[in-house]
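Shown next: final01.csv, given as CSV, C-alpha atoms.
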chain,number,residue,atom,x,y,z
A,1,MET,CA,-12.0,45.4,66.7
A,2,VAL,CA,-13.5,45.3,63.2
A,3,ARG,CA,-11.0,44.8,60.4
A,4,PHE,CA,-10.4,42.2,57.7
A,5,LYS,CA,-7.6,39.8,58.9
A,6,HIS,CA,-5.3,38.3,56.3
A,7,ARG,CA,-2.7,35.6,56.1
A,8,TYR,CA,0.5,36.1,54.2
A,9,LEU,CA,2.0,32.9,52.6
A,10,LEU,CA,5.7,33.2,51.9
A,11,CYS,CA,6.6,30.8,49.2
A,12,GLU,CA,9.7,29.9,47.1
A,13,VAL,CA,9.5,28.9,43.5
A,14,VAL,CA,11.8,25.9,43.0
A,15,SER,CA,12.7,24.8,39.5
A,16,ASP,CA,15.4,23.0,37.6
A,17,ASP,CA,15.4,25.5,34.8
A,18,PRO,CA,17.2,28.8,35.6
A,19,ARG,CA,15.0,30.7,33.1
A,20,CYS,CA,11.9,29.9,35.1
A,21,ARG,CA,12.6,32.3,38.0
A,22,LEU,CA,13.5,35.2,35.6
A,23,SER,CA,10.2,34.9,33.8
A,24,LEU,CA,8.2,35.3,37.0
A,25,ASP,CA,5.4,37.8,36.6
A,26,ASP,CA,3.1,38.8,39.4
A,27,ARG,CA,0.0,38.9,37.3
A,28,VAL,CA,0.8,35.5,35.6
A,29,LEU,CA,1.5,34.0,39.0
A,30,GLY,CA,-1.7,35.4,40.5
A,31,GLY,CA,-3.8,34.1,37.7
A,32,LEU,CA,-2.1,30.7,38.0
A,33,VAL,CA,-2.9,30.4,41.7
A,34,ARG,CA,-6.5,31.5,41.2
A,35,ASP,CA,-7.0,29.0,38.4
A,36,THR,CA,-5.5,26.2,40.5
A,37,VAL,CA,-7.8,27.1,43.5
A,38,ALA,CA,-10.8,27.1,41.2
A,39,ARG,CA,-9.9,23.8,39.8
A,40,LEU,CA,-9.3,22.2,43.2
A,41,HIS,CA,-12.1,23.8,45.2
A,42,GLY,CA,-14.6,24.7,42.6
A,43,THR,CA,-16.6,27.8,42.1
A,44,PHE,CA,-17.0,28.3,45.8
A,45,GLY,CA,-13.3,28.0,46.6
A,46,GLY,CA,-12.3,30.2,43.6
A,47,ALA,CA,-14.6,33.0,44.6
A,48,ALA,CA,-13.9,32.8,48.3
A,49,CYS,CA,-10.1,33.0,47.8
A,50,SER,CA,-10.3,35.8,45.1
A,51,ILE,CA,-11.8,38.4,47.4
A,52,GLY,CA,-8.7,39.3,49.3
A,53,PHE,CA,-6.1,37.7,47.1
A,54,ALA,CA,-3.0,39.6,45.9
A,55,VAL,CA,0.6,38.9,45.1
A,56,ARG,CA,2.3,41.3,47.5
A,57,TYR,CA,6.0,40.7,46.8
A,58,LEU,CA,7.9,38.9,44.1
A,59,ASN,CA,11.7,38.5,43.8
A,60,ALA,CA,12.7,37.1,40.4
A,61,TYR,CA,16.3,36.4,41.5
A,62,THR,CA,15.5,34.3,44.5
A,63,GLY,CA,12.1,33.2,43.4
A,64,ILE,CA,10.4,34.4,46.7
A,65,VAL,CA,6.7,35.1,46.4
A,66,LEU,CA,4.4,36.6,49.1
A,67,LEU,CA,0.7,35.9,48.6
A,68,ARG,CA,-2.1,37.5,50.6
A,69,CYS,CA,-5.5,35.9,51.3
A,70,ARG,CA,-8.3,36.3,53.8
A,71,LYS,CA,-7.8,34.5,57.1
A,72,GLU,CA,-11.0,32.5,56.8
A,73,PHE,CA,-10.0,30.9,53.5
A,74,TYR,CA,-6.2,30.7,53.6
A,75,GLN,CA,-6.2,27.0,54.0
A,76,LEU,CA,-7.9,26.6,50.6
A,77,VAL,CA,-5.1,28.6,49.0
A,78,TRP,CA,-2.4,26.8,51.0
A,79,SER,CA,-3.8,23.4,50.0
A,80,ALA,CA,-3.9,24.3,46.3
A,81,LEU,CA,-0.2,25.4,46.1
A,82,PRO,CA,1.2,21.8,45.8
A,83,PHE,CA,-0.9,21.3,42.7
A,84,ILE,CA,0.9,24.0,40.7
A,85,THR,CA,3.3,22.1,38.4
A,86,HIS,CA,4.0,24.4,35.5
A,87,LEU,CA,4.7,28.1,35.0
A,88,GLU,CA,3.7,29.3,31.5
A,89,ASN,CA,5.1,32.4,30.1
A,90,LYS,CA,5.1,33.6,26.5
A,91,GLY,CA,4.5,30.1,25.2
A,92,HIS,CA,7.2,28.4,27.3
A,93,ARG,CA,6.3,25.9,30.0
A,94,TYR,CA,8.7,25.5,32.9
A,95,PRO,CA,8.1,22.7,35.4
A,96,CYS,CA,8.3,24.1,38.9
A,97,PHE,CA,6.8,23.8,42.4
A,98,LEU,CA,6.0,26.2,45.1
A,99,ASN,CA,7.6,25.5,48.5
A,100,THR,CA,5.8,27.3,51.4
A,101,LEU,CA,8.3,28.7,53.8
A,102,HIS,CA,6.2,30.7,56.3
A,103,VAL,CA,2.6,31.7,57.1
A,104,GLY,CA,2.3,35.0,58.9
A,105,GLY,CA,-0.4,37.4,59.9
A,106,THR,CA,1.4,40.5,58.8
A,107,ILE,CA,4.0,41.5,56.2
A,108,ARG,CA,6.4,42.5,58.9
A,109,THR,CA,6.6,39.0,60.4
A,110,CYS,CA,7.1,37.5,57.0
A,111,GLN,CA,9.9,40.0,56.4
A,112,LYS,CA,11.6,39.1,59.7
A,113,PHE,CA,11.4,35.4,58.8
A,114,LEU,CA,12.8,36.1,55.3
A,115,ILE,CA,15.8,38.0,56.7
A,116,GLN,CA,16.7,35.1,59.0
A,117,TYR,CA,16.1,32.6,56.2
A,118,ASN,CA,18.3,34.5,53.8
A,119,ARG,CA,21.1,34.7,56.3
A,120,ARG,CA,21.0,30.9,56.8
A,121,GLN,CA,20.9,30.4,53.0
A,122,LEU,CA,24.0,32.5,52.6
A,123,LEU,CA,25.9,30.3,55.1
A,124,ILE,CA,24.7,27.2,53.2
A,125,LEU,CA,25.8,28.7,49.9
A,126,LEU,CA,29.2,29.5,51.5
A,127,GLN,CA,29.7,25.9,52.4
A,128,ASN,CA,28.6,24.6,49.0
A,129,CYS,CA,30.4,27.0,46.6
A,130,THR,CA,33.4,26.0,44.7
A,131,ASP,CA,34.7,29.1,42.9
A,132,GLU,CA,37.1,31.4,44.8
A,133,GLY,CA,35.6,34.6,43.4
A,134,GLU,CA,32.1,33.5,44.4
A,135,ARG,CA,33.4,32.6,47.8
A,136,GLU,CA,34.7,36.1,48.4
A,137,ALA,CA,31.5,37.7,47.3
A,138,ILE,CA,29.5,35.5,49.6
A,139,GLN,CA,31.8,36.1,52.5
A,140,LYS,CA,31.4,39.8,52.0
A,141,SER,CA,27.6,39.5,51.9
A,142,VAL,CA,27.7,37.5,55.1
A,143,THR,CA,29.7,40.0,57.0
A,144,ARG,CA,27.6,42.9,55.7
A,145,SER,CA,24.4,41.1,56.8
A,146,CYS,CA,25.8,40.5,60.3
A,147,LEU,CA,26.8,44.2,60.7
A,148,LEU,CA,23.4,45.4,59.5
A,149,GLU,CA,21.5,43.4,62.1
A,150,GLU,CA,20.1,46.5,63.6
A,151,GLU,CA,18.5,47.6,60.3
A,152,PRO,CA,16.3,45.1,58.7
A,153,GLY,CA,15.6,46.5,55.2
A,154,GLU,CA,15.4,45.8,51.5
A,155,GLU,CA,19.2,45.5,51.5
A,156,GLU,CA,19.0,42.1,53.2
A,157,LEU,CA,16.7,40.8,50.6
A,158,SER,CA,18.7,42.1,47.6
A,159,ASP,CA,22.0,40.9,49.1
A,160,GLY,CA,20.8,37.4,49.4
A,161,GLY,CA,19.3,37.7,45.9
A,162,GLU,CA,22.5,38.8,44.2
A,163,ALA,CA,24.7,36.3,45.9
A,164,ALA,CA,22.2,33.5,45.1
A,165,ALA,CA,21.9,34.6,41.5
A,166,ALA,CA,25.7,34.6,41.2
A,167,ALA,CA,26.0,31.2,42.8
A,168,MET,CA,23.4,29.6,40.6
A,169,GLU,CA,25.0,30.6,37.4
B,1,MET,CA,-33.5,19.3,108.4
B,2,PRO,CA,-32.9,20.6,104.9
B,3,ALA,CA,-33.3,18.1,102.0
B,4,PRO,CA,-30.1,16.6,100.7
B,5,ALA,CA,-28.9,18.3,97.5
B,6,ALA,CA,-30.0,16.6,94.4
B,7,THR,CA,-27.4,14.9,92.3
B,8,TYR,CA,-27.4,15.4,88.6
B,9,GLU,CA,-25.8,13.3,86.0
B,10,ARG,CA,-25.5,14.6,82.5
B,11,ILE,CA,-25.1,12.2,79.6
B,12,VAL,CA,-24.2,13.7,76.3
B,13,TYR,CA,-24.4,11.7,73.1
B,14,LYS,CA,-22.6,13.2,70.3
B,15,ASN,CA,-23.8,12.0,67.0
B,16,PRO,CA,-22.0,8.6,66.7
B,17,SER,CA,-23.1,8.0,63.1
B,18,GLU,CA,-20.3,8.8,60.6
B,19,HIS,CA,-22.7,8.7,57.6
B,20,HIS,CA,-25.8,10.6,56.7
B,21,TYR,CA,-28.4,9.1,54.4
B,22,MET,CA,-30.5,11.1,51.9
B,23,LYS,CA,-33.6,10.1,50.0
B,24,VAL,CA,-33.6,12.2,46.8
B,25,CYS,CA,-35.7,12.3,43.7
B,26,LEU,CA,-34.7,13.8,40.4
B,27,GLU,CA,-37.4,15.6,38.4
B,28,PHE,CA,-37.1,16.7,34.8
B,29,GLN,CA,-39.0,19.4,33.2
B,30,GLU,CA,-39.9,17.2,30.3
B,31,HIS,CA,-41.0,13.6,30.5
B,32,GLY,CA,-39.4,10.5,29.1
B,33,VAL,CA,-35.8,11.0,30.3
B,34,GLY,CA,-34.1,8.0,31.7
B,35,LEU,CA,-30.8,7.6,33.5
B,36,THR,CA,-28.9,4.5,34.4
B,37,ALA,CA,-27.4,4.2,37.9
B,38,ALA,CA,-23.9,5.0,36.5
B,39,GLN,CA,-25.2,8.2,34.8
B,40,PHE,CA,-26.9,9.2,38.0
B,41,LYS,CA,-23.7,8.9,40.0
B,42,GLN,CA,-21.8,10.8,37.2
B,43,LEU,CA,-24.4,13.6,37.5
B,44,LEU,CA,-24.0,13.8,41.3
B,45,ILE,CA,-20.2,13.9,41.1
B,46,SER,CA,-20.2,16.5,38.4
B,47,ALA,CA,-22.5,18.6,40.5
B,48,LEU,CA,-20.1,18.4,43.4
B,49,LYS,CA,-17.1,19.1,41.2
B,50,ASP,CA,-18.7,22.2,39.7
B,51,LEU,CA,-19.4,23.9,43.0
B,52,PHE,CA,-16.7,22.5,45.3
B,53,GLY,CA,-13.9,21.3,43.0
B,54,GLU,CA,-11.9,18.1,42.7
B,55,VAL,CA,-11.4,17.7,46.4
B,56,ASP,CA,-15.1,17.3,47.1
B,57,ALA,CA,-15.8,15.4,44.0
B,58,ALA,CA,-13.7,12.7,45.7
B,59,LEU,CA,-15.9,12.5,48.7
B,60,PRO,CA,-17.0,8.9,49.5
B,61,LEU,CA,-20.5,9.1,48.1
B,62,ASP,CA,-22.5,5.9,47.7
B,63,ILE,CA,-25.8,5.2,46.0
B,64,LEU,CA,-27.5,2.5,48.1
B,65,THR,CA,-30.6,2.1,46.0
B,66,TYR,CA,-31.8,3.5,42.7
B,67,GLU,CA,-35.1,3.2,40.9
B,68,GLU,CA,-34.9,4.1,37.2
B,69,LYS,CA,-38.7,4.5,36.8
B,70,THR,CA,-39.2,7.1,39.4
B,71,LEU,CA,-35.5,8.4,39.3
B,72,SER,CA,-35.3,8.3,43.1
B,73,ALA,CA,-32.3,7.1,45.1
B,74,ILE,CA,-31.0,6.7,48.6
B,75,LEU,CA,-27.5,8.2,49.0
B,76,ARG,CA,-24.9,7.8,51.7
B,77,ILE,CA,-22.3,10.4,52.4
B,78,CYS,CA,-19.9,11.0,55.3
B,79,SER,CA,-21.3,13.5,57.8
B,80,SER,CA,-18.7,16.2,57.1
B,81,GLY,CA,-19.8,16.3,53.4
B,82,LEU,CA,-23.5,16.4,53.9
B,83,VAL,CA,-23.8,20.2,53.7
B,84,ARG,CA,-21.7,20.3,50.6
B,85,LEU,CA,-23.6,17.6,48.8
B,86,TRP,CA,-26.9,19.1,49.7
B,87,SER,CA,-25.9,22.6,48.5
B,88,SER,CA,-24.5,21.2,45.2
B,89,LEU,CA,-27.7,19.2,44.6
B,90,THR,CA,-29.7,22.4,45.2
B,91,LEU,CA,-27.7,24.4,42.7
B,92,LEU,CA,-27.7,21.7,39.9
B,93,GLY,CA,-29.8,23.1,37.1
B,94,SER,CA,-29.5,20.9,34.0
B,95,TYR,CA,-28.4,17.5,32.7
B,96,LYS,CA,-27.2,17.4,29.1
B,97,GLY,CA,-29.1,20.6,28.3
B,98,LYS,CA,-32.4,19.5,29.8
B,99,LYS,CA,-33.7,21.3,32.9
B,100,CYS,CA,-33.9,19.3,36.0
B,101,ALA,CA,-34.1,19.6,39.8
B,102,PHE,CA,-33.4,17.5,42.8
B,103,ARG,CA,-36.0,17.0,45.4
B,104,VAL,CA,-34.7,16.0,48.8
B,105,ILE,CA,-37.4,13.9,50.5
B,106,GLN,CA,-35.7,12.8,53.7
B,107,VAL,CA,-32.4,13.1,55.4
B,108,SER,CA,-31.3,11.2,58.5
B,109,PRO,CA,-28.2,9.9,60.2
B,110,PHE,CA,-29.8,6.5,60.5
B,111,LEU,CA,-30.8,4.4,57.6
B,112,LEU,CA,-33.6,2.8,59.5
B,113,ALA,CA,-35.4,6.1,59.6
B,114,LEU,CA,-35.6,6.2,55.8
B,115,SER,CA,-37.5,2.9,55.6
B,116,GLY,CA,-40.8,4.4,56.7
B,117,ASN,CA,-42.2,7.8,55.7
B,118,SER,CA,-45.3,8.9,57.5
B,119,ARG,CA,-46.2,11.2,54.5
B,120,GLU,CA,-46.6,8.2,52.2
B,121,LEU,CA,-48.4,6.1,54.8
B,122,VAL,CA,-51.5,4.6,53.4
B,123,LEU,CA,-54.2,3.8,56.0
B,124,ASP,CA,-56.5,1.0,55.2
What do you get writing this file as structure tokens?
Amino acid sequence: MVRFKHRYLLCEVVSDDPRCRLSLDDRVLGGLVRDTVARLHGTFGGAACSIGFAVRYLNAYTGIVLLRCRKEFYQLVWSALPFITHLENKGHRYPCFLNTLHVGGTIRTCQKFLIQYNRRQLLILLQNCTDEGEREAIQKSVTRSCLLEEEPGEEELSDGGEAAAAAME
Amino acid sequence: MPAPAATYERIVYKNPSEHHYMKVCLEFQEHGVGLTAAQFKQLLISALKDLFGEVDAALPLDILTYEEKTLSAILRICSSGLVRLWSSLTLLGSYKGKKCAFRVIQVSPFLLALSGNSRELVLD
């Protein structure tokens, strides 16, 4: 069958600074990845990866990013991600790195992985949290996510986001 | 009685040589431009870096011989990087603002093949 095949890279922006995630912007991040690929793989790599490149999903609370690229050149993009060290926004530089969680062929598989990953992260947060109020909030999120197993949807992503944001602060 | 079936034995040699050797010559549009061996290597690496980036600028490239008068050299590159080196030499246009071009004279996986060139053979 004739269609353009893509690879979706699910990444997490990890940083010490809590302001770094909130200043995530899809255009800024897209430009940053393109510049890094061009620096690392030259004119050829930069042009090859820019054809089908897009930032498909961005969650500022959890720092989850979904990048799309063509199947033939996804390794060029993947190999350039460890070379991203700073995120620049409005004159502020935040040191950060991109951790790749999953590579999928479609957005749906990445979403399924993200739901399972967020469920596991909630349980880890539950173990690590110290405050009673936070603990109750996380327990509520965990029970809600277990009940909603039949319906994978945006709710799962936002649940994990809010609880994570509350736990970080 | 029918003849016995012939037995066949197939021997396949995959290219055992890890390196490829290229004989190249650099031509400038104007005369009188000289380059030291270090500058020549710098030019090659900047050509690779321009087209293929930092990753391929770090390919193990060696200049085995270099003649400053004729600006010709014998290069050695690992076999996986041959196509990239050749294409970046093709697309190199200028050095310090002066127009130049690389002429690739001979390419071979064996260094011995570069020692004699039948085109330059002089018959007495």
Check: which chain A residues lie within 8 Å of chain B using only C-alpha atoms, as an MDAnalysis selection string:
chainID A and resid 38:45
Selection: 12 Å around A:Cys20, only C-alpha atoms, excl. self and same-chain fewer than 2 positions, as a list of chain:residue names:
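Residues meeting the cut-off are A:Val13, A:Val14, A:Ser15, A:Asp16, A:Asp17, A:Pro18, A:Leu22, A:Ser23, A:Leu24, A:Asp25, A:Leu29, A:Ala60, A:Tyr61, A:Thr62, A:Gly63, A:His86, A:Leu87, A:Glu88, A:Asn89, A:Lys90, A:His92, A:Arg93, A:Tyr94, A:Pro95, A:Cys96, A:Phe97.
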Which residues, written as a ChimeraX atom specification, have at least one atom at most 12 Å from A:Phe4, with all atoms listed in the file counted and residues fewer than 4 positions away on the same chain left out?
/A:51-52,68-72,105-106
Between B:Ser79, B:Ser94, B:Thr7, B:Ser88, which is the closest to B:Tyr21 once you count only C-alpha atoms?
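Under the stated criterion, the closest residue is B:Ser79.
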If we count all atoms listed in the file and set the cut-off at 8 Å, which residues sit around stretch 59-63 of chain B, ignoring sequence neighbours fewer than 5 positions away in its own chain? Please answer as a list in words.
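Listed by chain and then number, they are Lys41, Ala73, Ile74, Leu75, Arg76, Ile77, Cys78 and Gly81 of chain B.
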What is the distance between atom CA of B:Phe28 and atom CA of B:Cys100, in Å to one decimal?
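Interatomic distance here is 4.3 Å.
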Between atom CA of A:Ile138 and atom CA of A:Leu125, what is the distance in Å, rounded to a tenth?
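Taking atom CA of A:Ile138 as the start and atom CA of A:Leu125 as the end point, the length is 7.7 Å.
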Quick one: pull the distance between atom CA of B:Leu91 and atom CA of B:Leu114, Å, one decimal.
23.8 Å
Could the centre and edge lengths of an axis-aligned box, enclosing all atoms of stretch 37-46 of chain A in the file with 8 Å extra on each side, be given in Å to one decimal as JSON?
{"center_x": -12.4, "center_y": 26.2, "center_z": 43.2, "size_x": 25.2, "size_y": 24.0, "size_z": 22.8}
